[in-house]
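Heads up: the structure comes next, in C-alpha coordinates.
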2 protein chains.
Amino acid sequence: MARPNRSREAILAAAAELAASRGISATSMDDIAQFAGVSKGSLYYNFESKNELFGALFVKVQHDLVPALQETLDGCADGQDSLRVLIGEVLVRLQAQPALAKLLVAEIFRSDRNWSESVGTFRDSLAQLFSTALAAARPDLDDARSLLLASSSLGAVLTSGLEWLVFEPERSRDEVVDALMMLLVPFSPETA
Amino acid sequence: MARPNRSREAILAAAAELAASRGISATSMDDIAQFAGVSKGSLYYNFESKNELFGALFVKVQHDLVPALQETLDGCADGQDSLRVLIGEVLVRLQAQPALAKLLVAEIFRSDRNWSESVGTFRDSLAQLFSTALAAARPDLDDARSLLLASSSLGAVLTSGLEWLVFEPERSRDEVVDALMMLLVPFSPETA
(Lines give C-alpha, C1' and ligand atoms only; values in the text may rest on other atoms or scores of the structure.)
Protein backbone atom coordinates (compact mmCIF):
# COMPACT_ATOMS: atom_id res chain seq x y z
CA MET A 1 0.00 0.00 0.00
CA ALA A 2 1.13 3.54 -0.73
CA ARG A 3 2.41 5.64 2.15
CA PRO A 4 -0.06 8.31 3.16
CA ASN A 5 0.97 11.60 1.60
CA ARG A 6 0.16 14.24 4.18
CA SER A 7 0.60 17.19 1.83
CA ARG A 8 -1.80 15.62 -0.63
CA GLU A 9 -4.40 15.05 2.08
CA ALA A 10 -4.02 18.62 3.36
CA ILE A 11 -4.32 20.01 -0.16
CA LEU A 12 -7.51 18.09 -0.91
CA ALA A 13 -9.06 19.10 2.43
CA ALA A 14 -8.19 22.76 1.81
CA ALA A 15 -9.60 22.62 -1.73
CA ALA A 16 -12.89 21.16 -0.47
CA GLU A 17 -13.21 23.76 2.26
CA LEU A 18 -12.47 26.75 0.02
CA ALA A 19 -14.59 25.53 -2.90
CA ALA A 20 -17.55 24.85 -0.61
CA SER A 21 -17.60 28.45 0.56
CA ARG A 22 -16.75 30.33 -2.64
CA GLY A 23 -17.25 27.92 -5.54
CA ILE A 24 -14.61 26.00 -7.48
CA SER A 25 -14.13 28.62 -10.19
CA ALA A 26 -13.26 31.29 -7.64
CA THR A 27 -10.79 29.05 -5.81
CA SER A 28 -7.26 29.50 -7.17
CA MET A 29 -4.26 27.21 -6.81
CA ASP A 30 -2.58 30.02 -4.81
CA ASP A 31 -5.50 30.11 -2.36
CA ILE A 32 -5.35 26.35 -1.94
CA ALA A 33 -1.58 26.28 -1.27
CA GLN A 34 -1.92 29.06 1.30
CA PHE A 35 -4.92 27.53 3.08
CA ALA A 36 -3.27 24.08 3.12
CA GLY A 37 -0.02 25.52 4.42
CA VAL A 38 2.08 24.00 1.64
CA SER A 39 4.44 25.62 -0.84
CA LYS A 40 3.37 26.13 -4.43
CA GLY A 41 6.14 23.72 -5.39
CA SER A 42 4.60 21.02 -3.24
CA LEU A 43 1.12 21.80 -4.58
CA TYR A 44 2.18 21.50 -8.22
CA TYR A 45 4.28 18.43 -7.44
CA ASN A 46 1.07 16.74 -6.25
CA PHE A 47 -1.35 18.15 -8.82
CA GLU A 48 -0.40 19.57 -12.18
CA SER A 49 -3.57 21.66 -12.46
CA LYS A 50 -6.72 22.69 -10.67
CA ASN A 51 -8.71 20.33 -12.88
CA GLU A 52 -6.51 17.41 -11.88
CA LEU A 53 -6.86 18.42 -8.22
CA PHE A 54 -10.66 18.57 -8.22
CA GLY A 55 -10.90 15.40 -10.27
CA ALA A 56 -8.77 13.71 -7.61
CA LEU A 57 -10.92 15.17 -4.84
CA PHE A 58 -14.10 13.61 -6.22
CA VAL A 59 -12.32 10.29 -6.82
CA LYS A 60 -11.14 10.34 -3.21
CA VAL A 61 -14.63 11.11 -1.86
CA GLN A 62 -15.99 8.21 -3.86
CA HIS A 63 -13.29 5.84 -2.59
CA ASP A 64 -13.85 6.93 1.00
CA LEU A 65 -17.62 6.67 0.80
CA VAL A 66 -18.99 4.15 -1.66
CA PRO A 67 -17.27 0.89 -0.58
CA ALA A 68 -18.09 1.70 3.07
CA LEU A 69 -21.76 2.29 2.22
CA GLN A 70 -21.84 -0.86 0.09
CA GLU A 71 -20.41 -2.91 2.94
CA THR A 72 -23.04 -1.51 5.30
CA LEU A 73 -25.78 -2.41 2.82
CA ASP A 74 -24.43 -5.93 2.33
CA GLY A 75 -24.75 -6.48 6.07
CA CYS A 76 -28.47 -5.64 6.11
CA ALA A 77 -31.02 -8.39 6.34
CA ASP A 78 -34.05 -6.91 4.64
CA GLY A 79 -35.06 -4.18 2.28
CA GLN A 80 -36.50 -1.55 4.55
CA ASP A 81 -33.66 -2.01 6.95
CA SER A 82 -31.12 -1.40 4.20
CA LEU A 83 -32.73 1.87 3.10
CA ARG A 84 -32.88 3.05 6.71
CA VAL A 85 -29.24 2.17 7.30
CA LEU A 86 -28.13 3.77 4.02
CA ILE A 87 -29.95 7.01 4.85
CA GLY A 88 -28.46 7.01 8.34
CA GLU A 89 -24.93 6.48 7.01
CA VAL A 90 -25.27 9.23 4.41
CA LEU A 91 -26.44 11.62 7.15
CA VAL A 92 -23.46 10.64 9.34
CA ARG A 93 -21.13 11.57 6.47
CA LEU A 94 -22.94 14.85 5.75
CA GLN A 95 -22.71 15.78 9.41
CA ALA A 96 -18.98 15.00 9.48
CA GLN A 97 -18.21 17.06 6.37
CA PRO A 98 -20.89 19.66 5.69
CA ALA A 99 -18.62 21.76 3.45
CA LEU A 100 -17.96 18.78 1.21
CA ALA A 101 -21.66 17.95 1.18
CA LYS A 102 -22.57 21.44 -0.05
CA LEU A 103 -19.89 21.23 -2.72
CA LEU A 104 -21.18 17.88 -3.97
CA VAL A 105 -24.78 19.08 -4.16
CA ALA A 106 -23.59 22.09 -6.15
CA GLU A 107 -21.51 19.97 -8.58
CA ILE A 108 -23.56 16.83 -8.95
CA PHE A 109 -25.63 17.92 -11.95
CA ARG A 110 -22.93 19.68 -13.91
CA SER A 111 -21.83 18.09 -17.13
CA ASP A 112 -19.75 21.02 -18.32
CA ARG A 113 -16.70 20.79 -16.08
CA ASN A 114 -13.34 19.20 -16.66
CA TRP A 115 -13.71 17.09 -13.54
CA SER A 116 -17.29 16.13 -14.37
CA GLU A 117 -16.29 12.58 -15.29
CA SER A 118 -15.20 11.86 -11.73
CA VAL A 119 -18.27 13.63 -10.31
CA GLY A 120 -20.46 11.61 -12.67
CA THR A 121 -18.89 8.32 -11.65
CA PHE A 122 -19.41 9.27 -8.02
CA ARG A 123 -23.03 10.29 -8.56
CA ASP A 124 -23.77 7.08 -10.45
CA SER A 125 -22.25 4.87 -7.78
CA LEU A 126 -24.23 6.64 -5.03
CA ALA A 127 -27.40 6.42 -7.11
CA GLN A 128 -26.74 2.71 -7.63
CA LEU A 129 -26.72 2.16 -3.87
CA PHE A 130 -30.00 4.04 -3.51
CA SER A 131 -31.48 2.15 -6.41
CA THR A 132 -30.72 -1.20 -4.75
CA ALA A 133 -32.02 -0.13 -1.35
CA LEU A 134 -35.13 1.55 -2.77
CA ALA A 135 -36.05 -1.48 -4.90
CA ALA A 136 -35.83 -3.70 -1.82
CA ALA A 137 -37.81 -1.33 0.41
CA ARG A 138 -40.49 -0.48 -2.16
CA PRO A 139 -41.37 -3.63 -4.14
CA ASP A 140 -44.53 -1.82 -5.27
CA LEU A 141 -42.49 0.59 -7.42
CA ASP A 142 -42.16 -0.75 -10.97
CA ASP A 143 -39.60 1.89 -11.66
CA ALA A 144 -37.71 1.56 -8.36
CA ARG A 145 -34.43 0.61 -10.03
CA SER A 146 -34.52 3.54 -12.42
CA LEU A 147 -31.82 6.17 -12.08
CA LEU A 148 -34.60 8.72 -11.93
CA LEU A 149 -36.06 7.41 -8.69
CA ALA A 150 -32.62 6.64 -7.31
CA SER A 151 -31.79 10.33 -7.88
CA SER A 152 -35.10 11.36 -6.32
CA SER A 153 -34.45 9.47 -3.12
CA LEU A 154 -30.80 10.53 -3.02
CA GLY A 155 -31.95 14.11 -3.62
CA ALA A 156 -34.53 13.87 -0.84
CA VAL A 157 -31.86 12.65 1.56
CA LEU A 158 -29.22 15.23 0.56
CA THR A 159 -31.59 18.19 0.66
CA SER A 160 -33.20 17.28 3.95
CA GLY A 161 -29.74 16.48 5.30
CA LEU A 162 -28.52 19.96 4.39
CA GLU A 163 -31.77 21.54 5.64
CA TRP A 164 -31.18 19.77 8.94
CA LEU A 165 -27.50 20.75 9.29
CA VAL A 166 -27.93 24.35 8.15
CA PHE A 167 -31.35 25.30 9.51
CA GLU A 168 -32.59 22.72 12.01
CA PRO A 169 -29.49 21.42 13.83
CA GLU A 170 -31.51 20.97 17.03
CA ARG A 171 -33.12 17.84 15.57
CA SER A 172 -31.42 14.50 16.23
CA ARG A 173 -30.15 12.43 13.34
CA ASP A 174 -32.63 9.67 14.21
CA GLU A 175 -35.53 12.11 13.83
CA VAL A 176 -34.33 12.99 10.35
CA VAL A 177 -33.96 9.31 9.40
CA ASP A 178 -37.45 8.55 10.76
CA ALA A 179 -39.03 11.43 8.84
CA LEU A 180 -37.35 10.34 5.59
CA MET A 181 -38.40 6.72 6.09
CA MET A 182 -42.00 7.80 6.73
CA LEU A 183 -41.88 9.82 3.53
CA LEU A 184 -40.24 7.20 1.32
CA VAL A 185 -41.58 3.96 2.85
CA PRO A 186 -44.97 4.86 4.31
CA PHE A 187 -46.20 1.33 4.80
CA SER A 188 -43.29 0.07 6.84
CA PRO A 189 -44.33 -2.13 9.81
CA GLU A 190 -43.91 0.76 12.27
CA THR A 191 -46.38 2.94 10.40
CA ALA A 192 -48.94 0.52 8.97
CA MET B 1 -47.07 49.44 -13.22
CA ALA B 2 -43.41 50.11 -13.95
CA ARG B 3 -42.33 50.08 -17.57
CA PRO B 4 -40.35 47.01 -18.44
CA ASN B 5 -36.65 47.82 -18.36
CA ARG B 6 -35.12 45.82 -21.18
CA SER B 7 -31.51 46.35 -20.11
CA ARG B 8 -32.34 45.15 -16.63
CA GLU B 9 -34.02 42.02 -18.00
CA ALA B 10 -31.09 41.31 -20.32
CA ILE B 11 -28.59 41.79 -17.50
CA LEU B 12 -30.41 39.39 -15.16
CA ALA B 13 -30.75 36.77 -17.91
CA ALA B 14 -27.04 37.08 -18.74
CA ALA B 15 -26.06 36.82 -15.06
CA ALA B 16 -28.15 33.64 -14.62
CA GLU B 17 -26.66 32.04 -17.73
CA LEU B 18 -23.04 32.82 -16.86
CA ALA B 19 -23.35 31.93 -13.17
CA ALA B 20 -25.03 28.63 -14.00
CA SER B 21 -22.06 27.54 -16.09
CA ARG B 22 -19.14 28.93 -14.09
CA GLY B 23 -20.44 29.78 -10.61
CA ILE B 24 -21.36 33.19 -9.21
CA SER B 25 -17.92 33.95 -7.74
CA ALA B 26 -16.23 33.49 -11.11
CA THR B 27 -18.75 35.69 -12.93
CA SER B 28 -17.57 39.31 -13.07
CA MET B 29 -19.58 42.45 -13.72
CA ASP B 30 -17.50 42.90 -16.92
CA ASP B 31 -18.49 39.42 -18.12
CA ILE B 32 -22.15 40.15 -17.44
CA ALA B 33 -22.12 43.49 -19.29
CA GLN B 34 -20.43 41.89 -22.30
CA PHE B 35 -22.74 38.85 -22.41
CA ALA B 36 -25.84 41.02 -21.98
CA GLY B 37 -24.67 43.42 -24.70
CA VAL B 38 -24.96 46.50 -22.49
CA SER B 39 -22.40 49.14 -21.56
CA LYS B 40 -20.78 49.08 -18.14
CA GLY B 41 -22.49 52.42 -17.52
CA SER B 42 -25.87 50.86 -18.10
CA LEU B 43 -24.96 47.85 -15.96
CA TYR B 44 -23.90 49.99 -12.99
CA TYR B 45 -26.87 52.30 -13.50
CA ASN B 46 -29.12 49.27 -12.95
CA PHE B 47 -27.12 47.49 -10.25
CA GLU B 48 -24.55 49.10 -8.00
CA SER B 49 -22.76 45.84 -7.28
CA LYS B 50 -22.68 42.15 -8.10
CA ASN B 51 -24.29 41.40 -4.75
CA GLU B 52 -27.18 43.71 -5.53
CA LEU B 53 -27.52 42.12 -8.96
CA PHE B 54 -27.70 38.52 -7.71
CA GLY B 55 -29.97 39.52 -4.84
CA ALA B 56 -32.31 41.05 -7.45
CA LEU B 57 -32.07 37.92 -9.62
CA PHE B 58 -33.31 35.67 -6.84
CA VAL B 59 -36.07 38.14 -5.92
CA LYS B 60 -37.16 38.16 -9.57
CA VAL B 61 -37.20 34.36 -9.79
CA GLN B 62 -39.33 34.24 -6.68
CA HIS B 63 -41.77 36.85 -8.04
CA ASP B 64 -42.03 35.04 -11.36
CA LEU B 65 -42.52 31.63 -9.82
CA VAL B 66 -44.14 31.55 -6.41
CA PRO B 67 -47.41 33.46 -6.98
CA ALA B 68 -47.99 31.47 -10.19
CA LEU B 69 -47.45 28.18 -8.36
CA GLN B 70 -49.66 29.34 -5.48
CA GLU B 71 -52.44 30.22 -7.90
CA THR B 72 -52.16 26.80 -9.53
CA LEU B 73 -52.38 25.14 -6.11
CA ASP B 74 -55.39 27.23 -5.09
CA GLY B 75 -57.21 25.93 -8.14
CA CYS B 76 -56.75 22.28 -7.16
CA ALA B 77 -59.62 20.37 -5.67
CA ASP B 78 -57.90 17.74 -3.56
CA GLY B 79 -54.64 16.96 -1.90
CA GLN B 80 -53.08 14.44 -4.23
CA ASP B 81 -54.08 16.48 -7.20
CA SER B 82 -52.35 19.55 -5.79
CA LEU B 83 -49.06 17.72 -5.24
CA ARG B 84 -49.20 16.29 -8.76
CA VAL B 85 -49.94 19.69 -10.27
CA LEU B 86 -47.22 21.38 -8.20
CA ILE B 87 -44.62 18.82 -9.28
CA GLY B 88 -45.70 19.18 -12.91
CA GLU B 89 -45.45 22.98 -12.79
CA VAL B 90 -42.01 22.90 -11.17
CA LEU B 91 -40.80 20.54 -13.92
CA VAL B 92 -42.23 22.85 -16.59
CA ARG B 93 -40.18 25.71 -15.12
CA LEU B 94 -37.02 23.60 -14.84
CA GLN B 95 -37.40 22.56 -18.44
CA ALA B 96 -37.84 26.17 -19.56
CA GLN B 97 -34.78 27.42 -17.67
CA PRO B 98 -32.32 24.62 -16.92
CA ALA B 99 -29.40 27.01 -16.32
CA LEU B 100 -31.37 28.85 -13.66
CA ALA B 101 -32.44 25.56 -12.13
CA LYS B 102 -28.83 24.40 -11.74
CA LEU B 103 -27.87 27.74 -10.23
CA LEU B 104 -30.69 27.55 -7.68
CA VAL B 105 -29.80 24.01 -6.64
CA ALA B 106 -26.20 25.13 -6.15
CA GLU B 107 -27.18 28.19 -4.07
CA ILE B 108 -30.15 26.99 -2.10
CA PHE B 109 -28.28 25.74 0.95
CA ARG B 110 -25.74 28.51 1.25
CA SER B 111 -26.03 30.79 4.22
CA ASP B 112 -22.71 32.56 3.70
CA ARG B 113 -23.44 34.78 0.74
CA ASN B 114 -24.44 38.40 0.57
CA TRP B 115 -27.52 37.55 -1.45
CA SER B 116 -28.43 34.61 0.79
CA GLU B 117 -31.35 36.50 2.32
CA SER B 118 -33.16 36.61 -1.01
CA VAL B 119 -32.25 32.97 -1.74
CA GLY B 120 -33.50 32.01 1.72
CA THR B 121 -36.81 33.80 1.23
CA PHE B 122 -37.20 32.06 -2.10
CA ARG B 123 -36.35 28.63 -0.67
CA ASP B 124 -38.77 29.12 2.21
CA SER B 125 -41.63 30.18 -0.04
CA LEU B 126 -41.09 27.18 -2.33
CA ALA B 127 -40.84 24.86 0.67
CA GLN B 128 -44.08 26.35 2.01
CA LEU B 129 -45.89 25.36 -1.18
CA PHE B 130 -44.53 21.82 -0.94
CA SER B 131 -45.42 21.67 2.73
CA THR B 132 -49.06 22.52 1.98
CA ALA B 133 -49.33 20.09 -0.92
CA LEU B 134 -47.55 17.28 0.92
CA ALA B 135 -49.72 17.63 4.01
CA ALA B 136 -52.84 17.36 1.85
CA ALA B 137 -51.55 14.39 -0.15
CA ARG B 138 -50.13 12.49 2.81
CA PRO B 139 -52.46 12.85 5.83
CA ASP B 140 -50.63 9.87 7.38
CA LEU B 141 -47.47 11.96 7.88
CA ASP B 142 -47.48 13.59 11.33
CA ASP B 143 -44.57 15.67 10.26
CA ALA B 144 -45.85 16.52 6.79
CA ARG B 145 -45.88 20.26 7.40
CA SER B 146 -42.33 20.34 8.68
CA LEU B 147 -39.76 22.25 6.68
CA LEU B 148 -37.65 19.11 6.75
CA LEU B 149 -40.11 17.03 4.75
CA ALA B 150 -41.01 20.00 2.57
CA SER B 151 -37.30 20.23 1.70
CA SER B 152 -37.15 16.48 1.14
CA SER B 153 -39.96 16.50 -1.36
CA LEU B 154 -38.69 19.68 -3.03
CA GLY B 155 -35.23 18.08 -3.16
CA ALA B 156 -36.62 14.90 -4.68
CA VAL B 157 -38.37 16.92 -7.38
CA LEU B 158 -35.40 19.18 -8.16
CA THR B 159 -32.86 16.36 -8.31
CA SER B 160 -34.98 14.06 -10.41
CA GLY B 161 -35.90 17.06 -12.57
CA LEU B 162 -32.22 17.79 -13.22
CA GLU B 163 -31.45 14.08 -13.68
CA TRP B 164 -34.20 14.01 -16.29
CA LEU B 165 -33.08 17.15 -18.15
CA VAL B 166 -29.37 16.39 -18.06
CA PHE B 167 -29.22 12.61 -18.38
CA GLU B 168 -32.61 11.20 -19.44
CA PRO B 169 -34.19 13.81 -21.72
CA GLU B 170 -35.88 11.06 -23.76
CA ARG B 171 -38.45 10.60 -20.98
CA SER B 172 -41.65 12.61 -21.14
CA ARG B 173 -42.48 15.07 -18.39
CA ASP B 174 -45.57 13.03 -17.49
CA GLU B 175 -43.41 9.95 -16.88
CA VAL B 176 -41.29 11.93 -14.45
CA VAL B 177 -44.36 13.28 -12.64
CA ASP B 178 -45.83 9.76 -12.43
CA ALA B 179 -42.62 8.29 -11.02
CA LEU B 180 -42.37 11.03 -8.38
CA MET B 181 -46.02 10.62 -7.40
CA MET B 182 -45.53 6.85 -7.05
CA LEU B 183 -42.53 7.50 -4.83
CA LEU B 184 -44.08 10.20 -2.64
CA VAL B 185 -47.75 9.12 -2.59
CA PRO B 186 -47.69 5.34 -2.99
CA PHE B 187 -51.27 4.73 -1.92
CA SER B 188 -52.89 7.10 -4.36
CA PRO B 189 -56.08 5.73 -5.96
CA GLU B 190 -54.21 4.90 -9.19
CA THR B 191 -51.72 2.69 -7.37
CA ALA B 192 -53.63 1.15 -4.47
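FYI, nothing fancy with the C-alpha coordinates labels: chains A, B, ... in order, residues from 1 per chain, ligands from 1 as they appear.
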
query: Could you pull out all residues of segment 3-192 of chain B with a DSSP call of helix (DSSP H, G or I) and give them as JSON, numbers by chain?
result: {"B": [6, 7, 8, 9, 10, 11, 12, 13, 14, 15, 16, 17, 18, 19, 20, 21, 22, 29, 30, 31, 32, 33, 34, 35, 36, 40, 41, 42, 43, 44, 45, 46, 50, 51, 52, 53, 54, 55, 56, 57, 58, 59, 60, 61, 62, 63, 64, 65, 66, 67, 68, 69, 70, 71, 72, 73, 74, 79, 80, 81, 82, 83, 84, 85, 86, 87, 88, 89, 90, 91, 92, 93, 94, 95, 96, 98, 99, 100, 101, 102, 103, 104, 105, 106, 107, 116, 117, 118, 119, 120, 121, 122, 123, 124, 125, 126, 127, 128, 129, 130, 131, 132, 133, 134, 135, 136, 137, 147, 148, 149, 150, 151, 152, 153, 154, 155, 156, 157, 158, 159, 160, 161, 162, 163, 164, 165, 166, 167, 173, 174, 175, 176, 177, 178, 179, 180, 181, 182, 183, 184]}

(message) Taking only C-alpha atoms into account and nothing else, which residues of chain B lie no more than 6 Å away from chain A? Please answer as a list in words.
(response) Ser25, Ala26, Ala106, Leu148, Ser151, Ser152, Gly155, Ala156, Thr159 and Ser160 of chain B

Show which residues sit within 12 Å of Ser49 of chain B, as a PyMOL selection string. Count only C-alpha atoms, and ignore same-chain residues fewer than 5 positions away. chain B and resi 28-30+32+40+43-44+54-56+114-115

Have a look at A:Ala10, A:Val92, A:Ala133, A:Val61 and name the one nearest to Asp74 of chain A; count only C-alpha atoms.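 Closest residue, counting only C-alpha atoms: A:Ala133.
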
(request) Do a neighbour search on Leu57 of chain A at 12 Å with only C-alpha atoms, toss out local chain neighbours closer than 4 positions, and write the hits as a PyMOL selection string. (result) chain A and resi 8-17+19+24+47+50-53+61-64+100+103-104+115-116+118-119+122
